[in-house]
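One file, start.cif, carrying mmCIF, C-alpha atoms and all ligand atoms:
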```cif
data_model
loop_
_atom_site.group_PDB
_atom_site.id
_atom_site.type_symbol
_atom_site.label_atom_id
_atom_site.label_comp_id
_atom_site.auth_asym_id
_atom_site.auth_seq_id
_atom_site.Cartn_x
_atom_site.Cartn_y
_atom_site.Cartn_z
ATOM 1 C CA MET W 16 0.000 0.000 0.000
ATOM 2 C CA LYS W 17 1.227 3.527 -0.789
ATOM 3 C CA SER W 18 1.878 6.064 1.971
ATOM 4 C CA ILE W 19 -0.031 9.362 1.687
ATOM 5 C CA GLU W 20 3.280 11.231 1.205
ATOM 6 C CA GLU W 21 3.834 9.307 -2.063
ATOM 7 C CA PHE W 22 0.776 10.836 -3.708
ATOM 8 C CA TRP W 23 0.630 14.110 -1.681
ATOM 9 C CA PRO W 24 4.292 15.230 -1.625
ATOM 10 C CA GLN W 25 3.658 18.381 0.460
ATOM 11 C CA PHE W 26 3.127 16.071 3.443
ATOM 12 C CA ALA W 27 6.749 14.887 3.186
ATOM 13 C CA LEU W 28 8.180 18.422 3.128
ATOM 14 C CA ARG W 29 10.113 19.580 6.208
ATOM 15 C CA ILE W 30 11.985 22.877 6.277
ATOM 16 C CA ARG W 31 14.182 23.502 9.312
ATOM 17 C CA SER W 32 16.067 26.641 10.276
ATOM 18 C CA GLY W 33 17.423 27.188 13.795
ATOM 19 C CA PRO W 34 14.555 26.742 16.277
ATOM 20 C CA LEU W 35 11.899 26.576 13.526
ATOM 21 C CA GLU W 36 10.377 23.721 11.567
ATOM 22 C CA LEU W 37 7.867 24.357 8.772
ATOM 23 C CA ALA W 38 5.677 21.517 7.460
ATOM 24 C CA ALA W 39 2.413 21.301 5.497
ATOM 25 C CA VAL W 40 -0.649 21.565 7.763
ATOM 26 C CA ARG W 41 -2.024 18.099 8.497
ATOM 27 C CA ASP W 42 -5.407 17.464 10.082
ATOM 28 C CA ASP W 43 -3.716 16.689 13.413
ATOM 29 C CA ASP W 44 -2.237 20.235 13.435
ATOM 30 C CA ILE W 45 -5.597 21.977 13.011
ATOM 31 C CA PRO W 46 -6.708 21.835 16.683
ATOM 32 C CA ALA W 47 -3.479 23.565 17.796
ATOM 33 C CA LEU W 48 -3.929 26.254 15.115
ATOM 34 C CA VAL W 49 -7.563 26.753 16.171
ATOM 35 C CA ASP W 50 -6.444 27.076 19.772
ATOM 36 C CA LEU W 51 -3.975 29.841 18.831
ATOM 37 C CA ALA W 52 -6.608 31.681 16.773
ATOM 38 C CA GLU W 53 -9.202 31.419 19.545
ATOM 39 C CA ARG W 54 -6.734 32.943 21.997
ATOM 40 C CA GLY W 55 -6.062 35.778 19.541
ATOM 41 C CA ILE W 56 -3.816 36.740 16.628
ATOM 42 C CA HIS W 57 -4.419 40.494 16.708
ATOM 43 C CA PRO W 58 -6.337 43.053 18.801
ATOM 44 C CA PRO W 59 -10.064 42.827 17.870
ATOM 45 C CA ASP W 60 -10.104 46.399 16.509
ATOM 46 C CA ARG W 61 -7.077 45.859 14.190
ATOM 47 C CA MET W 62 -7.918 43.536 11.284
ATOM 48 C CA PRO W 63 -4.646 42.719 9.479
ATOM 49 C CA PHE W 64 -6.121 40.264 6.948
ATOM 50 C CA THR W 65 -7.585 41.136 3.533
ATOM 51 C CA PHE W 66 -10.150 38.388 4.119
ATOM 52 C CA PRO W 67 -11.204 38.999 7.746
ATOM 53 C CA TRP W 68 -11.419 35.313 8.733
ATOM 54 C CA THR W 69 -10.601 35.966 12.401
ATOM 55 C CA ASP W 70 -13.902 37.892 12.704
ATOM 56 C CA ALA W 71 -15.870 34.615 12.408
ATOM 57 C CA PRO W 72 -18.150 33.971 15.388
ATOM 58 C CA LYS W 73 -16.363 31.895 18.051
ATOM 59 C CA THR W 74 -18.739 28.987 17.417
ATOM 60 C CA GLU W 75 -17.762 28.854 13.728
ATOM 61 C CA LEU W 76 -14.052 29.719 13.693
ATOM 62 C CA ALA W 77 -12.757 26.167 14.242
ATOM 63 C CA ARG W 78 -14.810 24.596 11.435
ATOM 64 C CA LYS W 79 -14.039 27.497 9.090
ATOM 65 C CA MET W 80 -10.320 27.094 9.724
ATOM 66 C CA ALA W 81 -10.498 23.351 9.061
ATOM 67 C CA VAL W 82 -12.444 23.953 5.842
ATOM 68 C CA HIS W 83 -9.902 26.589 4.770
ATOM 69 C CA TYR W 84 -6.990 24.130 5.062
ATOM 70 C CA TRP W 85 -8.949 21.369 3.297
ATOM 71 C CA GLU W 86 -10.011 23.745 0.507
ATOM 72 C CA SER W 87 -6.518 25.074 0.017
ATOM 73 C CA ARG W 88 -5.241 21.482 -0.426
ATOM 74 C CA ALA W 89 -8.110 20.538 -2.697
ATOM 75 C CA ARG W 90 -7.548 23.538 -4.976
ATOM 76 C CA ASN W 91 -3.849 22.776 -5.545
ATOM 77 C CA THR W 92 -2.909 22.189 -9.183
ATOM 78 C CA PRO W 93 0.414 22.756 -10.996
ATOM 79 C CA GLU W 94 -1.108 26.017 -12.366
ATOM 80 C CA ARG W 95 -2.329 27.371 -9.022
ATOM 81 C CA TRP W 96 -0.927 26.071 -5.774
ATOM 82 C CA SER W 97 -0.230 27.144 -2.256
ATOM 83 C CA LEU W 98 1.894 25.980 0.626
ATOM 84 C CA GLU W 99 0.201 26.383 4.010
ATOM 85 C CA LEU W 100 2.996 25.523 6.409
ATOM 86 C CA VAL W 101 2.486 25.102 10.128
ATOM 87 C CA VAL W 102 5.356 26.716 12.028
ATOM 88 C CA ARG W 103 6.790 25.008 15.103
ATOM 89 C CA ARG W 104 9.269 26.792 17.336
ATOM 90 C CA ASP W 105 11.215 24.381 19.546
ATOM 91 C CA GLY W 106 8.505 21.815 18.738
ATOM 92 C CA GLN W 107 5.521 24.012 19.697
ATOM 93 C CA VAL W 108 2.934 25.104 17.116
ATOM 94 C CA VAL W 109 3.115 28.929 16.911
ATOM 95 C CA GLY W 110 1.430 29.882 13.609
ATOM 96 C CA ILE W 111 1.353 29.678 9.821
ATOM 97 C CA GLN W 112 3.708 30.685 7.025
ATOM 98 C CA ALA W 113 2.016 30.484 3.625
ATOM 99 C CA PHE W 114 2.918 31.044 -0.012
ATOM 100 C CA ALA W 115 0.507 31.142 -2.968
ATOM 101 C CA ALA W 116 1.439 31.080 -6.659
ATOM 102 C CA GLU W 117 -0.285 31.104 -10.045
ATOM 103 C CA ASN W 118 1.300 29.888 -13.279
ATOM 104 C CA TYR W 119 4.535 29.543 -11.323
ATOM 105 C CA LEU W 120 6.484 27.767 -14.058
ATOM 106 C CA VAL W 121 6.208 30.962 -16.117
ATOM 107 C CA THR W 122 5.894 33.714 -13.506
ATOM 108 C CA ARG W 123 8.307 32.330 -10.875
ATOM 109 C CA THR W 124 6.585 34.560 -8.325
ATOM 110 C CA GLY W 125 3.983 34.288 -5.580
ATOM 111 C CA GLU W 126 2.802 35.949 -2.378
ATOM 112 C CA THR W 127 3.769 35.179 1.205
ATOM 113 C CA GLY W 128 1.316 35.497 4.079
ATOM 114 C CA SER W 129 1.716 34.625 7.735
ATOM 115 C CA TRP W 130 0.377 34.809 11.263
ATOM 116 C CA LEU W 131 1.420 33.908 14.795
ATOM 117 C CA GLY W 132 -0.566 33.528 17.997
ATOM 118 C CA LEU W 133 -0.335 36.787 19.986
ATOM 119 C CA GLU W 134 1.755 35.185 22.732
ATOM 120 C CA HIS W 135 4.374 34.143 20.154
ATOM 121 C CA GLN W 136 4.768 37.567 18.529
ATOM 122 C CA GLY W 137 7.611 40.034 19.043
ATOM 123 C CA ARG W 138 10.389 37.425 19.544
ATOM 124 C CA GLY W 139 11.797 37.415 16.022
ATOM 125 C CA THR W 140 9.787 34.355 14.922
ATOM 126 C CA GLY W 141 7.844 36.246 12.232
ATOM 127 C CA THR W 142 11.106 37.443 10.697
ATOM 128 C CA LEU W 143 12.797 34.042 10.844
ATOM 129 C CA MET W 144 9.840 32.139 9.359
ATOM 130 C CA ARG W 145 9.562 34.586 6.434
ATOM 131 C CA GLN W 146 13.344 34.427 5.859
ATOM 132 C CA THR W 147 13.085 30.634 5.932
ATOM 133 C CA MET W 148 10.230 30.484 3.412
ATOM 134 C CA CYS W 149 11.862 33.003 1.049
ATOM 135 C CA ARG W 150 15.220 31.240 1.156
ATOM 136 C CA PHE W 151 13.517 27.914 0.456
ATOM 137 C CA LEU W 152 11.660 29.434 -2.523
ATOM 138 C CA PHE W 153 14.756 31.096 -4.006
ATOM 139 C CA ASP W 154 17.295 28.331 -3.324
ATOM 140 C CA HIS W 155 15.149 25.229 -3.867
ATOM 141 C CA LEU W 156 12.090 26.176 -5.965
ATOM 142 C CA GLU W 157 13.804 28.630 -8.359
ATOM 143 C CA ALA W 158 11.599 31.618 -7.470
ATOM 144 C CA GLU W 159 12.671 34.874 -9.131
ATOM 145 C CA GLU W 160 10.502 37.269 -7.088
ATOM 146 C CA ILE W 161 8.343 37.079 -3.964
ATOM 147 C CA THR W 162 5.597 39.551 -3.081
ATOM 148 C CA SER W 163 3.713 40.504 0.066
ATOM 149 C CA VAL W 164 0.944 42.906 0.942
ATOM 150 C CA ALA W 165 0.115 44.527 4.278
ATOM 151 C CA PHE W 166 -2.153 47.321 5.444
ATOM 152 C CA VAL W 167 -0.139 50.381 6.415
ATOM 153 C CA ASP W 168 -1.620 50.229 9.921
ATOM 154 C CA ASN W 169 0.152 46.878 10.467
ATOM 155 C CA PRO W 170 3.640 48.022 11.492
ATOM 156 C CA ALA W 171 4.825 44.566 12.607
ATOM 157 C CA SER W 172 4.206 43.050 9.174
ATOM 158 C CA GLY W 173 5.844 46.048 7.469
ATOM 159 C CA ALA W 174 8.839 45.792 9.822
ATOM 160 C CA VAL W 175 9.272 42.087 9.064
ATOM 161 C CA SER W 176 9.098 42.754 5.304
ATOM 162 C CA ARG W 177 11.763 45.436 5.532
ATOM 163 C CA LYS W 178 14.021 43.297 7.746
ATOM 164 C CA VAL W 179 13.774 40.412 5.268
ATOM 165 C CA GLY W 180 14.707 42.769 2.401
ATOM 166 C CA TYR W 181 11.416 43.429 0.571
ATOM 167 C CA SER W 182 11.091 46.833 -1.150
ATOM 168 C CA PRO W 183 7.888 48.896 -1.300
ATOM 169 C CA ASN W 184 6.134 48.504 -4.652
ATOM 170 C CA GLY W 185 3.227 50.932 -4.445
ATOM 171 C CA GLN W 186 0.068 51.396 -2.429
ATOM 172 C CA THR W 187 -3.536 50.533 -3.242
ATOM 173 C CA ARG W 188 -6.736 51.934 -1.722
ATOM 174 C CA GLU W 189 -9.180 49.256 -0.583
ATOM 175 C CA LYS W 190 -12.576 49.124 1.052
ATOM 176 C CA ARG W 191 -12.525 47.194 4.290
ATOM 177 C CA ARG W 192 -15.487 45.052 5.251
ATOM 178 C CA ASP W 193 -16.602 47.718 7.772
ATOM 179 C CA GLY W 194 -16.853 50.128 4.837
ATOM 180 C CA GLU W 195 -13.777 52.161 5.835
ATOM 181 C CA LEU W 196 -10.839 52.955 3.576
ATOM 182 C CA ALA W 197 -7.695 50.866 4.079
ATOM 183 C CA ILE W 198 -4.338 51.573 2.444
ATOM 184 C CA ALA W 199 -2.439 48.445 1.452
ATOM 185 C CA GLU W 200 1.293 48.501 0.787
ATOM 186 C CA ARG W 201 2.603 46.041 -1.807
ATOM 187 C CA LEU W 202 6.143 44.753 -1.399
ATOM 188 C CA THR W 203 8.553 42.841 -3.602
ATOM 189 C CA LEU W 204 11.631 40.764 -2.801
ATOM 190 C CA LEU W 205 14.289 39.746 -5.329
ATOM 191 C CA PRO W 206 16.842 36.978 -4.596
ATOM 192 C CA ALA W 207 19.784 39.368 -4.210
ATOM 193 C CA GLN W 208 17.829 41.452 -1.661
ATOM 194 C CA LEU W 209 17.018 38.581 0.715
ATOM 195 C CA VAL W 210 18.514 39.130 4.158
ATOM 196 C CA ARG W 211 19.409 35.577 5.160
ATOM 197 C CA SER W 212 19.262 34.407 8.763
ATOM 198 C CA GLN W 213 22.319 33.100 10.577
ATOM 199 C CA TYR W 214 20.929 29.538 10.518
ATOM 200 C CA PRO W 215 21.498 26.918 7.825
ATOM 201 C CA LEU W 216 18.431 25.668 5.959
ATOM 202 C CA GLU W 217 17.633 21.948 6.000
ATOM 203 C CA VAL W 218 15.028 20.611 3.587
ATOM 204 C CA GLU W 219 13.479 17.131 3.414
ATOM 205 C CA GLY W 220 11.092 15.898 0.736
ATOM 206 C CA LEU W 221 12.209 18.316 -2.003
ATOM 207 C CA PRO W 222 12.470 16.125 -5.167
ATOM 208 C CA ALA W 223 8.844 14.941 -4.999
ATOM 209 C CA LEU W 224 7.558 18.476 -4.349
ATOM 210 C CA ARG W 225 9.507 19.839 -7.352
ATOM 211 C CA ARG W 226 7.966 17.133 -9.554
ATOM 212 C CA ASP W 227 4.520 17.876 -8.100
ATOM 213 C CA ILE W 228 4.622 21.550 -9.134
ATOM 214 C CA GLY W 229 6.150 20.735 -12.525
ATOM 215 C CA LEU W 230 9.728 21.960 -11.991
ATOM 216 C CA ASP W 231 11.143 18.477 -12.737
ATOM 217 C CA ASN W 232 9.799 15.477 -14.649
HETATM 218 C C1 LIG M 1 3.239 40.003 11.370
HETATM 219 C C2 LIG M 1 3.753 38.942 12.340
HETATM 220 C C3 LIG M 1 3.726 37.553 11.656
HETATM 221 C C4 LIG M 1 5.199 39.304 12.722
HETATM 222 O O1 LIG M 1 5.703 38.332 13.621
HETATM 223 P P1 LIG M 1 6.596 38.710 14.898
HETATM 224 O O2 LIG M 1 7.182 37.453 15.428
HETATM 225 O O3 LIG M 1 5.810 39.552 15.803
HETATM 226 O O4 LIG M 1 7.734 39.568 14.186
HETATM 227 P P2 LIG M 1 9.214 39.850 14.698
HETATM 228 O O5 LIG M 1 9.297 39.723 16.183
HETATM 229 O O6 LIG M 1 10.149 38.991 13.909
HETATM 230 O O7 LIG M 1 9.416 41.360 14.213
HETATM 231 C C5 LIG M 1 8.411 42.301 14.447
HETATM 232 C C6 LIG M 1 8.983 43.665 14.159
HETATM 233 O O8 LIG M 1 7.884 44.569 14.112
HETATM 234 C C7 LIG M 1 8.179 45.665 14.941
HETATM 235 N N1 LIG M 1 6.932 46.193 15.450
HETATM 236 C C8 LIG M 1 5.971 45.519 16.117
HETATM 237 N N2 LIG M 1 4.985 46.358 16.450
HETATM 238 C C9 LIG M 1 5.343 47.572 15.982
HETATM 239 C C10 LIG M 1 4.752 48.862 16.032
HETATM 240 N N3 LIG M 1 3.572 49.049 16.628
HETATM 241 N N4 LIG M 1 5.394 49.891 15.434
HETATM 242 C C11 LIG M 1 6.590 49.695 14.821
HETATM 243 N N5 LIG M 1 7.199 48.488 14.754
HETATM 244 C C12 LIG M 1 6.588 47.452 15.328
HETATM 245 C C13 LIG M 1 9.036 45.090 16.010
HETATM 246 O O9 LIG M 1 9.775 46.105 16.654
HETATM 247 C C14 LIG M 1 9.927 44.147 15.236
HETATM 248 O O10 LIG M 1 10.999 44.809 14.598
HETATM 249 P P3 LIG M 1 12.474 44.862 15.284
HETATM 250 O O11 LIG M 1 12.898 43.435 15.505
HETATM 251 O O12 LIG M 1 13.295 45.552 14.241
HETATM 252 O O13 LIG M 1 12.320 45.601 16.551
HETATM 253 C C15 LIG M 1 2.910 38.893 13.640
HETATM 254 O O14 LIG M 1 3.014 40.124 14.277
HETATM 255 C C16 LIG M 1 1.460 38.548 13.409
HETATM 256 O O15 LIG M 1 1.113 37.374 13.331
HETATM 257 N N6 LIG M 1 0.588 39.576 13.340
HETATM 258 C C17 LIG M 1 -0.856 39.340 13.153
HETATM 259 C C18 LIG M 1 -1.169 38.741 11.803
HETATM 260 C C19 LIG M 1 -0.613 39.590 10.688
HETATM 261 O O16 LIG M 1 -0.561 40.793 10.769
HETATM 262 N N7 LIG M 1 -0.195 38.900 9.619
HETATM 263 C C20 LIG M 1 0.330 39.568 8.438
HETATM 264 C C21 LIG M 1 -0.807 40.019 7.588
HETATM 265 S S1 LIG M 1 -0.190 40.944 6.202
#
```
Please re-express this file's structure in structure tokens.
Ligand SMILES: CC(C)(COP(=O)(O)OP(=O)(O)OC[C@H]1O[C@@H](n2cnc3c(N)ncnc32)[C@H](O)[C@@H]1OP(=O)(O)O)[C@@H](O)C(=O)NCCC(=O)NCCS
Amino acid sequence: MKSIEEFWPQFALRIRSGPLELAAVRDDDIPALVDLAERGIHPPDRMPFTFPWTDAPKTELARKMAVHYWESRARNTPERWSLELVVRRDGQVVGIQAFAAENYLVTRTGETGSWLGLEHQGRGTGTLMRQTMCRFLFDHLEAEEITSVAFVDNPASGAVSRKVGYSPNGQTREKRRDGELAIAERLTLLPAQLVRSQYPLEVEGLPALRRDIGLDN
């Protein structure tokens, strides 16, 4: 009998850097992620996400999160795929580092997104997990550009982007769900701009993932 990793290569991916390990979200990880989200990711009056998923009623948040991870797996194709990686720091689940790409074989770009439970913020983890993801994408998946977007009233996200080496690439005016104006800053990172962490990067499960997204036969 085949193992699930043989036909779903993301499940075999492990990216390690210093105290962090990033791995595709499995169903067993979802309760810990729900627990973090229920305890809070941001102050209630400061919505950092374009899609305000953390506003879901408490009774619905857990199921919505589970459905989100299942949907994001189910939608993956070589033309449009995402990596939703659960981040562990010293073995403890602390948040998510994601990357989403379209027509990657041609564009060689995609957008990073991330969150940490409030109690895990402000210790350098957000910077290290973004550095880890970007280094993995540039060094192992042949990315040529990585983008990010953050509302200008989200200084922590902006600070992480700048520390990792992203450059501002224009602002857009958007209507938030509460009807108010929000200014979003777009950011771009090129390989030569990446500020690498002091830690080496260890990757497991790479050849099958590269075949899965069409980089190798
Ligand atoms: C964005 C996020 C992942 C960053 O993770 P983190 O572990 O807190 O980040 P770090 O500790 O590595 O760095 C945060 C930086 O932001 C800075 N920062 C935090 N709050 C700030 C503020 N109010 N004003 C200015 N800078 C601020 C910190 O000083 C730090 O920079 P420094 O190390 O140069 O001092 C995390 O804050 C988070 O999950 N926020 C809620 C979800 C979110 O906003 N996701 C991104 C959506 S675009």
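CA of Glu126 in chain W to CA of Glu36 in chain W spans 20.0 Å [interatomic distance, one decimal].
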Give me, as a Markdown table, the closest atom pair and its distance (Å, one decimal) for every residue of chain W within a cut-off of 9 Å of ligand LIG 1 (chain M), counting only C-alpha atoms and all ligand atoms, rows sorted by chain and rising number.
```
| residue | atom | partner | partner_atom | distance |
| --- | --- | --- | --- | --- |
| W:Gly55 | CA | M:LIG1 | C17 | 9.0 |
| W:Ile56 | CA | M:LIG1 | C17 | 5.3 |
| W:His57 | CA | M:LIG1 | C17 | 5.2 |
| W:Pro58 | CA | M:LIG1 | C17 | 8.7 |
| W:Arg61 | CA | M:LIG1 | O16 | 8.9 |
| W:Met62 | CA | M:LIG1 | O16 | 7.9 |
| W:Pro63 | CA | M:LIG1 | O16 | 4.7 |
| W:Phe64 | CA | M:LIG1 | C21 | 5.4 |
| W:Thr65 | CA | M:LIG1 | S1 | 7.9 |
| W:Gly110 | CA | M:LIG1 | O15 | 7.5 |
| W:Ile111 | CA | M:LIG1 | C3 | 8.4 |
| W:Gln112 | CA | M:LIG1 | C3 | 8.3 |
| W:Thr127 | CA | M:LIG1 | S1 | 8.6 |
| W:Gly128 | CA | M:LIG1 | S1 | 6.0 |
| W:Ser129 | CA | M:LIG1 | N7 | 5.0 |
| W:Trp130 | CA | M:LIG1 | O15 | 3.4 |
| W:Leu131 | CA | M:LIG1 | O15 | 3.8 |
| W:Gly132 | CA | M:LIG1 | O15 | 6.3 |
| W:Leu133 | CA | M:LIG1 | O15 | 6.8 |
| W:His135 | CA | M:LIG1 | O2 | 6.4 |
| W:Gln136 | CA | M:LIG1 | O3 | 3.5 |
| W:Gly137 | CA | M:LIG1 | O5 | 3.3 |
| W:Arg138 | CA | M:LIG1 | O5 | 4.2 |
| W:Gly139 | CA | M:LIG1 | O6 | 3.1 |
| W:Thr140 | CA | M:LIG1 | O2 | 4.1 |
| W:Gly141 | CA | M:LIG1 | O1 | 3.3 |
| W:Thr142 | CA | M:LIG1 | O6 | 3.7 |
| W:Leu143 | CA | M:LIG1 | O6 | 6.4 |
| W:Met144 | CA | M:LIG1 | O6 | 8.2 |
| W:Arg145 | CA | M:LIG1 | C3 | 8.4 |
| W:Ser163 | CA | M:LIG1 | S1 | 7.3 |
| W:Val164 | CA | M:LIG1 | S1 | 5.7 |
| W:Ala165 | CA | M:LIG1 | S1 | 4.1 |
| W:Phe166 | CA | M:LIG1 | S1 | 6.7 |
| W:Asp168 | CA | M:LIG1 | N3 | 8.6 |
| W:Asn169 | CA | M:LIG1 | O16 | 6.1 |
| W:Pro170 | CA | M:LIG1 | N4 | 4.7 |
| W:Ala171 | CA | M:LIG1 | O8 | 3.4 |
| W:Ser172 | CA | M:LIG1 | C1 | 3.9 |
| W:Gly173 | CA | M:LIG1 | O8 | 7.1 |
| W:Ala174 | CA | M:LIG1 | O8 | 4.6 |
| W:Val175 | CA | M:LIG1 | O7 | 5.2 |
| W:Ser176 | CA | M:LIG1 | C1 | 8.9 |
| W:Arg177 | CA | M:LIG1 | O12 | 8.8 |
| W:Lys178 | CA | M:LIG1 | O12 | 6.9 |
```
Original post:
Expressed in Å to a single decimal, how great is the separation between CA of Ala223 in chain W and CA of Val108 in chain W?
Top reply: 25.0 Å
Evaluate the PyMOL selection byres (((chain W and resi 42) around 9) and not hetatm) and record the selected residues as a CSV table (one decimal) with C-alpha atoms, in the frame of the given file, following the chain and residue labels used in the document.
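See expr26.csv below for the written result:
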```csv
chain,number,residue,atom,x,y,z
W,40,VAL,CA,-0.6,21.6,7.8
W,41,ARG,CA,-2.0,18.1,8.5
W,43,ASP,CA,-3.7,16.7,13.4
W,44,ASP,CA,-2.2,20.2,13.4
W,45,ILE,CA,-5.6,22.0,13.0
W,46,PRO,CA,-6.7,21.8,16.7
W,81,ALA,CA,-10.5,23.4,9.1
W,84,TYR,CA,-7.0,24.1,5.1
W,85,TRP,CA,-8.9,21.4,3.3
```
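Restricting the calculation to only C-alpha atoms, the smallest distance between Arg226 in chain W and any of W:Asp70, W:Pro93, W:Arg104, W:Pro59 is found for W:Pro93.
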**OP:** Figure out the distance between CA of Ala116 in chain W and CA of Gln186 in chain W, please, to one decimal in Å.
**Re:** 20.8 Å
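Considering all atoms listed in the file, the residue among W:Glu99, W:Glu20, W:Glu53, W:Asp193 positioned nearest to Glu86 in chain W is W:Glu99.
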Subject >> Which residue of W:Gln213, W:Ser32, W:Asp105, W:Lys79 approaches Pro67 in chain W most closely, using all atoms listed in the file >> reply: W:Lys79
Subject >> Using all atoms listed in the file: which of W:Glu117, W:Glu157, W:Glu219, W:Asp227 has the shortest distance to Pro206 in chain W >> reply: W:Glu157
Subject >> Selection as a list in words: residues within 9 Å of (12.9, 26.4, -8.8), counting only C-alpha atoms >> reply: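 Checking each residue against the 9 Å limit leaves Leu120, Arg123, Leu152, Phe153, Asp154, His155, Leu156, Glu157, Ala158, Glu159, Arg225 and Leu230 of chain W.
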Subject >> Picked residues, the PyMOL selection byres (((chain W and resi 202-204) around 7) and not hetatm), expected as a PyMOL selection string >> reply: chain W and resi 160-164+180-184+200-201+205-206+208-209
Once you have the residues from the selection above, write them out as a PDB file, in the coordinates of the input, restricted to C-alpha atoms.
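The result, stored in out.pdb:
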```pdb
ATOM      1  CA  GLU W 160      10.502  37.269  -7.088  1.00  0.00           C
ATOM      2  CA  ILE W 161       8.343  37.079  -3.964  1.00  0.00           C
ATOM      3  CA  THR W 162       5.597  39.551  -3.081  1.00  0.00           C
ATOM      4  CA  SER W 163       3.713  40.504   0.066  1.00  0.00           C
ATOM      5  CA  VAL W 164       0.944  42.906   0.942  1.00  0.00           C
ATOM      6  CA  GLY W 180      14.707  42.769   2.401  1.00  0.00           C
ATOM      7  CA  TYR W 181      11.416  43.429   0.571  1.00  0.00           C
ATOM      8  CA  SER W 182      11.091  46.833  -1.150  1.00  0.00           C
ATOM      9  CA  PRO W 183       7.888  48.896  -1.300  1.00  0.00           C
ATOM     10  CA  ASN W 184       6.134  48.504  -4.652  1.00  0.00           C
ATOM     11  CA  GLU W 200       1.293  48.501   0.787  1.00  0.00           C
ATOM     12  CA  ARG W 201       2.603  46.041  -1.807  1.00  0.00           C
ATOM     13  CA  LEU W 205      14.289  39.746  -5.329  1.00  0.00           C
ATOM     14  CA  PRO W 206      16.842  36.978  -4.596  1.00  0.00           C
ATOM     15  CA  GLN W 208      17.829  41.452  -1.661  1.00  0.00           C
ATOM     16  CA  LEU W 209      17.018  38.581   0.715  1.00  0.00           C
TER      17      LEU W 209
END
```
**OP:** Write out as a VMD selection string the residues lying within 12 Å of Leu196 in chain W, counting all atoms listed in the file and excluding same-chain residues fewer than 5 positions away.
**Re:** chain W and resid 166 to 168 187 to 191
Filled-in N, CA and C atoms of range 96-108 of chain W, supplied as a compact mmCIF listing (two decimals), keeping the file's coordinate frame:
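Saved as part_39.txt:
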```
# COMPACT_ATOMS: atom_id res chain seq x y z
N TRP W 96 -1.14 26.87 -6.98
CA TRP W 96 -0.93 26.07 -5.77
C TRP W 96 -0.52 26.97 -4.61
N SER W 97 -0.69 26.42 -3.44
CA SER W 97 -0.23 27.14 -2.26
C SER W 97 0.42 26.17 -1.29
N LEU W 98 1.31 26.72 -0.48
CA LEU W 98 1.89 25.98 0.63
C LEU W 98 1.38 26.63 1.89
N GLU W 99 0.66 25.88 2.70
CA GLU W 99 0.20 26.38 4.01
C GLU W 99 1.03 25.61 5.02
N LEU W 100 2.06 26.25 5.54
CA LEU W 100 3.00 25.52 6.41
C LEU W 100 2.78 25.90 7.87
N VAL W 101 2.61 24.86 8.69
CA VAL W 101 2.49 25.10 10.13
C VAL W 101 3.90 25.34 10.65
N VAL W 102 4.04 26.36 11.49
CA VAL W 102 5.36 26.72 12.03
C VAL W 102 5.44 26.21 13.47
N ARG W 103 6.50 25.43 13.72
CA ARG W 103 6.79 25.01 15.10
C ARG W 103 8.07 25.69 15.54
N ARG W 104 8.04 26.24 16.76
CA ARG W 104 9.27 26.79 17.34
C ARG W 104 9.63 25.93 18.54
N ASP W 105 10.81 25.34 18.51
CA ASP W 105 11.22 24.38 19.55
C ASP W 105 10.12 23.34 19.77
N GLY W 106 9.50 22.90 18.67
CA GLY W 106 8.51 21.82 18.74
C GLY W 106 7.08 22.26 19.01
N GLN W 107 6.87 23.53 19.35
CA GLN W 107 5.52 24.01 19.70
C GLN W 107 4.89 24.74 18.50
N VAL W 108 3.63 24.43 18.22
CA VAL W 108 2.93 25.10 17.12
C VAL W 108 2.73 26.58 17.49
```
